[in-house]
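Chemist: The file below is work_6.txt, compact mmCIF, C-alpha atoms:
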# COMPACT_ATOMS: atom_id res chain seq x y z
CA MET A 239 186.70 347.43 162.91
CA SER A 240 184.35 349.22 160.50
CA VAL A 241 180.80 348.16 159.79
CA PHE A 242 182.03 346.86 156.41
CA ASP A 243 184.66 344.67 158.09
CA GLU A 244 181.90 343.32 160.33
CA LEU A 245 179.75 342.56 157.28
CA LEU A 246 182.56 340.65 155.58
CA ALA A 247 183.25 338.65 158.75
CA ALA A 248 179.56 337.81 159.05
CA ASN A 249 179.55 336.73 155.41
CA GLU A 250 182.39 334.30 156.08
CA ARG A 251 180.23 332.65 158.77
CA HIS A 252 177.26 332.67 156.37
CA VAL A 253 179.25 330.96 153.62
CA ALA A 254 180.28 328.16 155.99
CA GLY A 255 176.67 326.97 156.21
CA PHE A 256 175.38 328.17 152.85
CA ALA A 257 173.12 325.62 151.14
CA ARG A 258 170.85 327.64 148.84
CA GLY A 259 173.03 327.86 145.73
CA GLN A 260 170.62 325.71 143.75
CA LEU A 261 167.54 327.90 144.22
CA PRO A 262 166.09 329.08 140.90
CA ALA A 263 165.72 332.81 140.18
CA PRO A 264 161.93 332.64 139.65
CA PRO A 265 160.24 332.78 143.06
CA ALA A 266 158.57 329.51 144.05
CA ARG A 267 155.35 331.25 145.16
CA ALA A 268 155.16 333.48 142.04
CA LEU A 269 154.95 336.39 144.50
CA ALA A 270 156.58 339.81 144.66
CA VAL A 271 156.46 341.85 147.88
CA LEU A 272 156.79 345.63 147.69
CA THR A 273 157.48 347.02 151.14
CA CYS A 274 159.27 349.72 153.08
CA MET A 275 162.99 349.73 153.75
CA ASP A 276 162.29 350.06 157.51
CA ALA A 277 164.75 347.78 159.32
CA ARG A 278 161.99 346.47 161.61
CA ILE A 279 160.31 344.67 158.71
CA LEU A 280 161.58 341.22 157.74
CA PRO A 281 159.35 340.40 154.76
CA LEU A 282 160.01 336.67 154.63
CA ASP A 283 159.18 336.31 158.33
CA VAL A 284 156.10 338.54 158.14
CA PHE A 285 154.53 336.34 155.43
CA GLY A 286 155.93 333.01 156.64
CA LEU A 287 158.01 332.66 153.49
CA ALA A 288 161.31 330.86 152.91
CA PRO A 289 164.27 332.06 150.83
CA GLY A 290 163.37 331.55 147.18
CA ASP A 291 159.62 331.98 147.70
CA ALA A 292 159.25 335.65 146.70
CA HIS A 293 160.96 338.68 145.25
CA VAL A 294 161.25 341.50 147.77
CA ILE A 295 161.36 345.09 146.51
CA ARG A 296 162.02 347.77 149.10
CA ASN A 297 161.98 351.55 149.14
CA ALA A 298 161.14 354.32 151.57
CA GLY A 299 157.46 353.90 152.38
CA GLY A 300 156.96 350.77 150.27
CA ARG A 301 155.61 353.04 147.56
CA ALA A 302 154.55 352.07 144.05
CA THR A 303 157.00 354.24 142.15
CA ASP A 304 158.28 354.06 138.59
CA ASP A 305 161.37 352.24 139.85
CA ALA A 306 159.30 349.76 141.89
CA LEU A 307 157.22 349.15 138.75
CA ARG A 308 160.43 348.55 136.78
CA SER A 309 161.42 345.82 139.23
CA LEU A 310 157.91 344.34 139.16
CA LEU A 311 158.03 344.22 135.36
CA VAL A 312 161.22 342.18 135.49
CA SER A 313 159.74 340.03 138.24
CA SER A 314 156.56 339.33 136.31
CA HIS A 315 157.57 339.29 132.64
CA VAL A 316 160.97 337.64 133.03
CA LEU A 317 160.60 335.57 136.20
CA GLY A 318 156.90 334.70 136.28
CA THR A 319 155.42 336.36 139.35
CA ARG A 320 151.64 336.70 139.25
CA ALA A 321 150.87 338.25 142.64
CA VAL A 322 152.06 341.49 144.22
CA ALA A 323 151.72 342.27 147.93
CA VAL A 324 152.10 345.98 148.65
CA VAL A 325 152.97 346.33 152.34
CA HIS A 326 152.87 349.62 154.22
CA HIS A 327 153.39 349.78 157.99
CA THR A 328 152.60 351.65 161.16
CA GLU A 329 154.98 354.34 162.42
CA CYS A 330 156.43 354.87 158.94
CA GLY A 331 158.90 357.73 158.72
CA MET A 332 157.37 358.76 155.41
CA THR A 333 154.24 359.87 157.32
CA LYS A 334 156.26 362.29 159.42
CA LEU A 335 157.36 364.62 156.62
CA THR A 336 156.16 366.34 153.51
CA ASP A 337 157.88 366.37 150.15
CA ALA A 338 158.55 370.11 150.52
CA ASP A 339 159.99 369.83 154.05
CA PHE A 340 162.20 366.94 153.06
CA ALA A 341 163.45 368.76 149.95
CA ALA A 342 164.31 371.75 152.15
CA THR A 343 166.19 369.45 154.57
CA ILE A 344 168.23 368.01 151.70
CA GLU A 345 169.01 371.46 150.35
CA ARG A 346 170.10 372.75 153.79
CA ALA A 347 172.31 369.70 154.33
CA THR A 348 173.93 369.59 150.90
CA GLY A 349 173.45 372.98 149.33
CA HIS A 350 171.70 371.24 146.42
CA SER A 351 168.02 370.99 145.66
CA PRO A 352 166.59 367.56 144.79
CA GLY A 353 164.63 369.42 142.11
CA ASP A 354 161.41 367.73 141.19
CA LEU A 355 162.53 364.31 142.44
CA PRO A 356 159.36 362.86 143.98
CA LEU A 357 159.91 361.71 147.56
CA TYR A 358 156.48 360.07 148.01
CA ALA A 359 155.76 361.31 151.52
CA ILE A 360 152.61 359.75 152.99
CA GLU A 361 150.02 362.30 154.06
CA ASP A 362 147.09 359.86 154.35
CA PRO A 363 148.27 356.25 154.98
CA ASP A 364 144.99 354.60 153.90
CA ALA A 365 144.79 356.64 150.71
CA ALA A 366 148.47 356.00 149.93
CA LEU A 367 148.07 352.22 150.21
CA GLN A 368 144.85 352.21 148.18
CA GLY A 369 146.46 354.47 145.58
CA ASP A 370 149.58 352.32 145.27
CA VAL A 371 147.56 349.11 144.82
CA THR A 372 145.19 350.73 142.33
CA TRP A 373 148.03 352.32 140.33
CA LEU A 374 149.75 348.95 139.95
CA ALA A 375 146.52 347.07 139.17
CA GLU A 376 145.68 349.62 136.48
CA SER A 377 149.10 349.44 134.87
CA PRO A 378 148.90 348.27 131.28
CA LEU A 379 152.48 347.02 131.63
CA LEU A 380 151.89 344.27 134.20
CA PRO A 381 150.61 340.94 132.86
CA ALA A 382 146.83 340.60 132.72
CA GLY A 383 145.60 338.43 135.56
CA THR A 384 148.26 339.55 138.05
CA GLU A 385 146.73 340.06 141.49
CA VAL A 386 147.73 343.12 143.55
CA ALA A 387 146.71 343.44 147.21
CA GLY A 388 147.52 345.93 149.97
CA PHE A 389 148.56 345.08 153.52
CA LEU A 390 149.37 347.00 156.68
CA TYR A 391 152.05 345.64 159.00
CA ASP A 392 152.01 346.72 162.65
CA VAL A 393 155.63 347.15 163.76
CA ARG A 394 154.64 346.89 167.45
CA THR A 395 152.57 343.68 167.32
CA GLY A 396 153.76 341.93 164.15
CA VAL A 397 150.18 341.69 162.89
CA LEU A 398 149.70 341.82 159.12
CA SER A 399 146.25 342.97 157.96
CA LEU A 400 144.74 342.85 154.50
CA VAL A 401 143.56 346.41 153.85
CA VAL A 402 143.05 346.44 150.07
CA PRO A 403 141.63 343.14 148.78
CA PRO A 404 143.25 341.79 145.62
CA LEU A 405 142.64 343.70 142.42
CA VAL A 406 143.33 341.92 139.16
CA VAL A 407 145.35 343.57 136.41
CA GLY A 408 143.20 343.85 133.31
CA ASP A 409 139.91 343.39 135.21
CA THR A 410 138.21 346.69 134.49
CA THR A 411 135.25 345.82 136.72
CA ALA A 412 137.48 345.69 139.84
CA CYS A 413 139.58 348.85 139.27
Let me see whether you can do it: turn the structure in this file into structure tokens.

Modeler:
Amino acid sequence: MSVFDELLAANERHVAGFARGQLPAPPARALAVLTCMDARILPLDVFGLAPGDAHVIRNAGGRATDDALRSLLVSSHVLGTRAVAVVHHTECGMTKLTDADFAATIERATGHSPGDLPLYAIEDPDAALQGDVTWLAESPLLPAGTEVAGFLYDVRTGVLSLVVPPLVVGDTTAC
């Protein structure tokens, strides 16, 4: 049985008890969470949220990239979110490599260079989180008044800490 067969079998069990078909697309808490794709992080559990409470956007490192911003623009302008939690975590794999080393690994493995594709390795975790929150809060594309805060999740203890207090989009005194 392949992993895909296992997924389909698990979905059949899921469907048997499925009762969330009436949830609206806009998140009930008007919240979007941007976090890492690390399998140890369960964003709804970490924040004590229920299905339907928040949009969850994931990528390697939980980085504020152009594509993460694209998702946040849909989340905010189309579906009404007004708060963004950027969540980085301890023991992140993105802190264990550099963009150049990773590009070389890809090229050795595939024979193709990723070119100038940014990989967003994390050299300084504190600076990366501060930079991601600030970059989003300074975006002229997010709705004015949107709050953006930065958190650190400890994968060993489960503790979530506020590291970058909320900045407000459009508030030039805070950014």

Chemist: Using all atoms listed in the file, which residue out of A:Ala266, A:Val393, A:Ala257, A:Leu357 lies closest to Ala298 (chain A)?

Modeler: A:Leu357

Chemist: Counting all atoms listed in the file, which residue out of A:Glu361, A:Asp243, A:Glu250, A:Asp283 sits closest to Val397 (chain A)?

Modeler: A:Asp283

Chemist: Pick out the closest residue to Ala288 (chain A) from this set: A:Ala338, A:Ala254, A:Ala365, A:Leu261. Count only C-alpha atoms.

Modeler: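 Using only C-alpha atoms, Ala288 (chain A) sits closest to A:Leu261.
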
Chemist: Give me the residues near Thr328 (chain A) as a PyMOL selection string, where near means some atom within 8 Å (using all atoms listed in the file) and where sequence neighbours in that chain fewer than 6 positions away do not count.

Modeler: chain A and resi 390-393

Chemist: Would you pick out the contacts of region 318-320 of chain A at 10 Å or less, using only C-alpha atoms, so that residues sharing its chain but fewer than 4 positions from it are not included, and give the list as a ChimeraX atom specification?

Modeler: /A:263-270,292-293,310-314,380-386,406-407

Chemist: Figure out the distance between CA of Leu335 (chain A) and CA of Ala306 (chain A), please, to one decimal in Å.

Modeler: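 Calculated distance between CA of Ala306 (chain A) and CA of Leu335 (chain A) is 21.0 Å.
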
Chemist: Restricting the calculation to only C-alpha atoms: of A:Ala342, A:Leu245, A:Leu272, A:Leu317, which residue gets closest to Asp305 (chain A)?

Modeler: A:Leu272

Chemist: Which one is closest to Gly290 (chain A): A:Arg258, A:His350, A:Arg251, A:His327? Count only C-alpha atoms.

Modeler: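 Nearest candidate to Gly290 (chain A) out of A:Arg258, A:His350, A:Arg251, A:His327: A:Arg258.
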
Chemist: What is the CA of Pro404 (chain A) to CA of Phe389 (chain A) distance in Å?

Modeler: 10.1 Å

Chemist: Looking at A:His326, A:Arg346, A:Arg301, A:Arg308, which one is nearest to Val402 (chain A), with distances taken over all atoms listed in the file?

Modeler: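 Of the candidates, the smallest distance to Val402 (chain A) is held by A:His326.
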
Chemist: What is the distance between CA of Gly331 (chain A) and CA of Met275 (chain A), in Å to one decimal?

Modeler: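 Atom-to-atom, CA of Gly331 (chain A) and CA of Met275 (chain A) are spaced 10.3 Å apart.
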
Chemist: Can I get region 310-346 of chain A with N, CA and C atoms filled in, as a compact mmCIF listing (two decimals), in the coordinates of the input?

Modeler:
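Output file result07.txt follows:
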# COMPACT_ATOMS: atom_id res chain seq x y z
N LEU A 310 159.04 345.26 139.29
CA LEU A 310 157.91 344.34 139.16
C LEU A 310 157.74 343.84 137.74
N LEU A 311 158.10 344.67 136.76
CA LEU A 311 158.03 344.22 135.36
C LEU A 311 159.04 343.12 135.09
N VAL A 312 160.23 343.25 135.63
CA VAL A 312 161.22 342.18 135.49
C VAL A 312 160.72 340.94 136.22
N SER A 313 160.24 341.14 137.44
CA SER A 313 159.74 340.03 138.24
C SER A 313 158.63 339.26 137.54
N SER A 314 157.70 339.99 136.93
CA SER A 314 156.56 339.33 136.31
C SER A 314 156.84 338.83 134.90
N HIS A 315 157.39 339.68 134.04
CA HIS A 315 157.57 339.29 132.64
C HIS A 315 158.74 338.34 132.42
N VAL A 316 159.78 338.47 133.23
CA VAL A 316 160.97 337.64 133.03
C VAL A 316 160.98 336.43 133.96
N LEU A 317 160.45 336.62 135.18
CA LEU A 317 160.60 335.57 136.20
C LEU A 317 159.28 335.01 136.72
N GLY A 318 158.17 335.39 136.09
CA GLY A 318 156.90 334.70 136.28
C GLY A 318 156.05 335.01 137.50
N THR A 319 156.30 336.09 138.21
CA THR A 319 155.42 336.36 139.35
C THR A 319 154.04 336.76 138.85
N ARG A 320 153.03 336.41 139.62
CA ARG A 320 151.64 336.70 139.25
C ARG A 320 150.84 337.27 140.42
N ALA A 321 151.53 337.61 141.50
CA ALA A 321 150.87 338.25 142.64
C ALA A 321 151.83 339.26 143.24
N VAL A 322 151.27 340.42 143.62
CA VAL A 322 152.06 341.49 144.22
C VAL A 322 151.42 341.88 145.53
N ALA A 323 152.18 341.80 146.62
CA ALA A 323 151.72 342.27 147.93
C ALA A 323 152.39 343.61 148.20
N VAL A 324 151.59 344.66 148.30
CA VAL A 324 152.10 345.98 148.65
C VAL A 324 151.92 346.11 150.16
N VAL A 325 153.02 346.33 150.88
CA VAL A 325 152.97 346.33 152.34
C VAL A 325 153.45 347.67 152.89
N HIS A 326 152.52 348.42 153.48
CA HIS A 326 152.87 349.62 154.22
C HIS A 326 152.89 349.24 155.69
N HIS A 327 153.30 350.15 156.57
CA HIS A 327 153.39 349.78 157.99
C HIS A 327 153.11 350.95 158.91
N THR A 328 152.83 350.63 160.15
CA THR A 328 152.60 351.65 161.16
C THR A 328 153.92 352.34 161.49
N GLU A 329 153.82 353.55 161.99
CA GLU A 329 154.98 354.34 162.42
C GLU A 329 156.00 354.57 161.31
N CYS A 330 155.54 354.66 160.08
CA CYS A 330 156.43 354.87 158.94
C CYS A 330 156.98 356.29 158.95
N GLY A 331 158.27 356.42 158.77
CA GLY A 331 158.90 357.73 158.72
C GLY A 331 158.39 358.60 157.59
N MET A 332 157.88 357.99 156.54
CA MET A 332 157.37 358.76 155.41
C MET A 332 156.07 359.49 155.74
N THR A 333 155.46 359.16 156.89
CA THR A 333 154.24 359.87 157.32
C THR A 333 154.58 361.08 158.17
N LYS A 334 155.84 361.23 158.51
CA LYS A 334 156.26 362.29 159.42
C LYS A 334 156.87 363.49 158.70
N LEU A 335 156.79 363.52 157.38
CA LEU A 335 157.36 364.62 156.62
C LEU A 335 156.53 364.89 155.39
N THR A 336 156.80 366.02 154.79
CA THR A 336 156.16 366.34 153.51
C THR A 336 157.27 366.38 152.46
N ASP A 337 156.89 366.28 151.21
CA ASP A 337 157.88 366.37 150.15
C ASP A 337 158.64 367.69 150.23
N ALA A 338 157.92 368.78 150.47
CA ALA A 338 158.55 370.11 150.52
C ALA A 338 159.52 370.23 151.70
N ASP A 339 159.11 369.76 152.88
CA ASP A 339 159.99 369.83 154.05
C ASP A 339 161.24 368.99 153.84
N PHE A 340 161.05 367.81 153.27
CA PHE A 340 162.20 366.94 153.06
C PHE A 340 163.15 367.53 152.02
N ALA A 341 162.60 368.11 150.96
CA ALA A 341 163.45 368.76 149.95
C ALA A 341 164.24 369.89 150.58
N ALA A 342 163.60 370.65 151.47
CA ALA A 342 164.31 371.75 152.15
C ALA A 342 165.42 371.20 153.06
N THR A 343 165.17 370.08 153.72
CA THR A 343 166.19 369.45 154.57
C THR A 343 167.40 369.03 153.74
N ILE A 344 167.14 368.44 152.58
CA ILE A 344 168.23 368.01 151.70
C ILE A 344 169.04 369.23 151.24
N GLU A 345 168.32 370.27 150.84
CA GLU A 345 169.01 371.46 150.35
C GLU A 345 169.85 372.12 151.45
N ARG A 346 169.32 372.18 152.67
CA ARG A 346 170.10 372.75 153.79
C ARG A 346 171.34 371.91 154.07
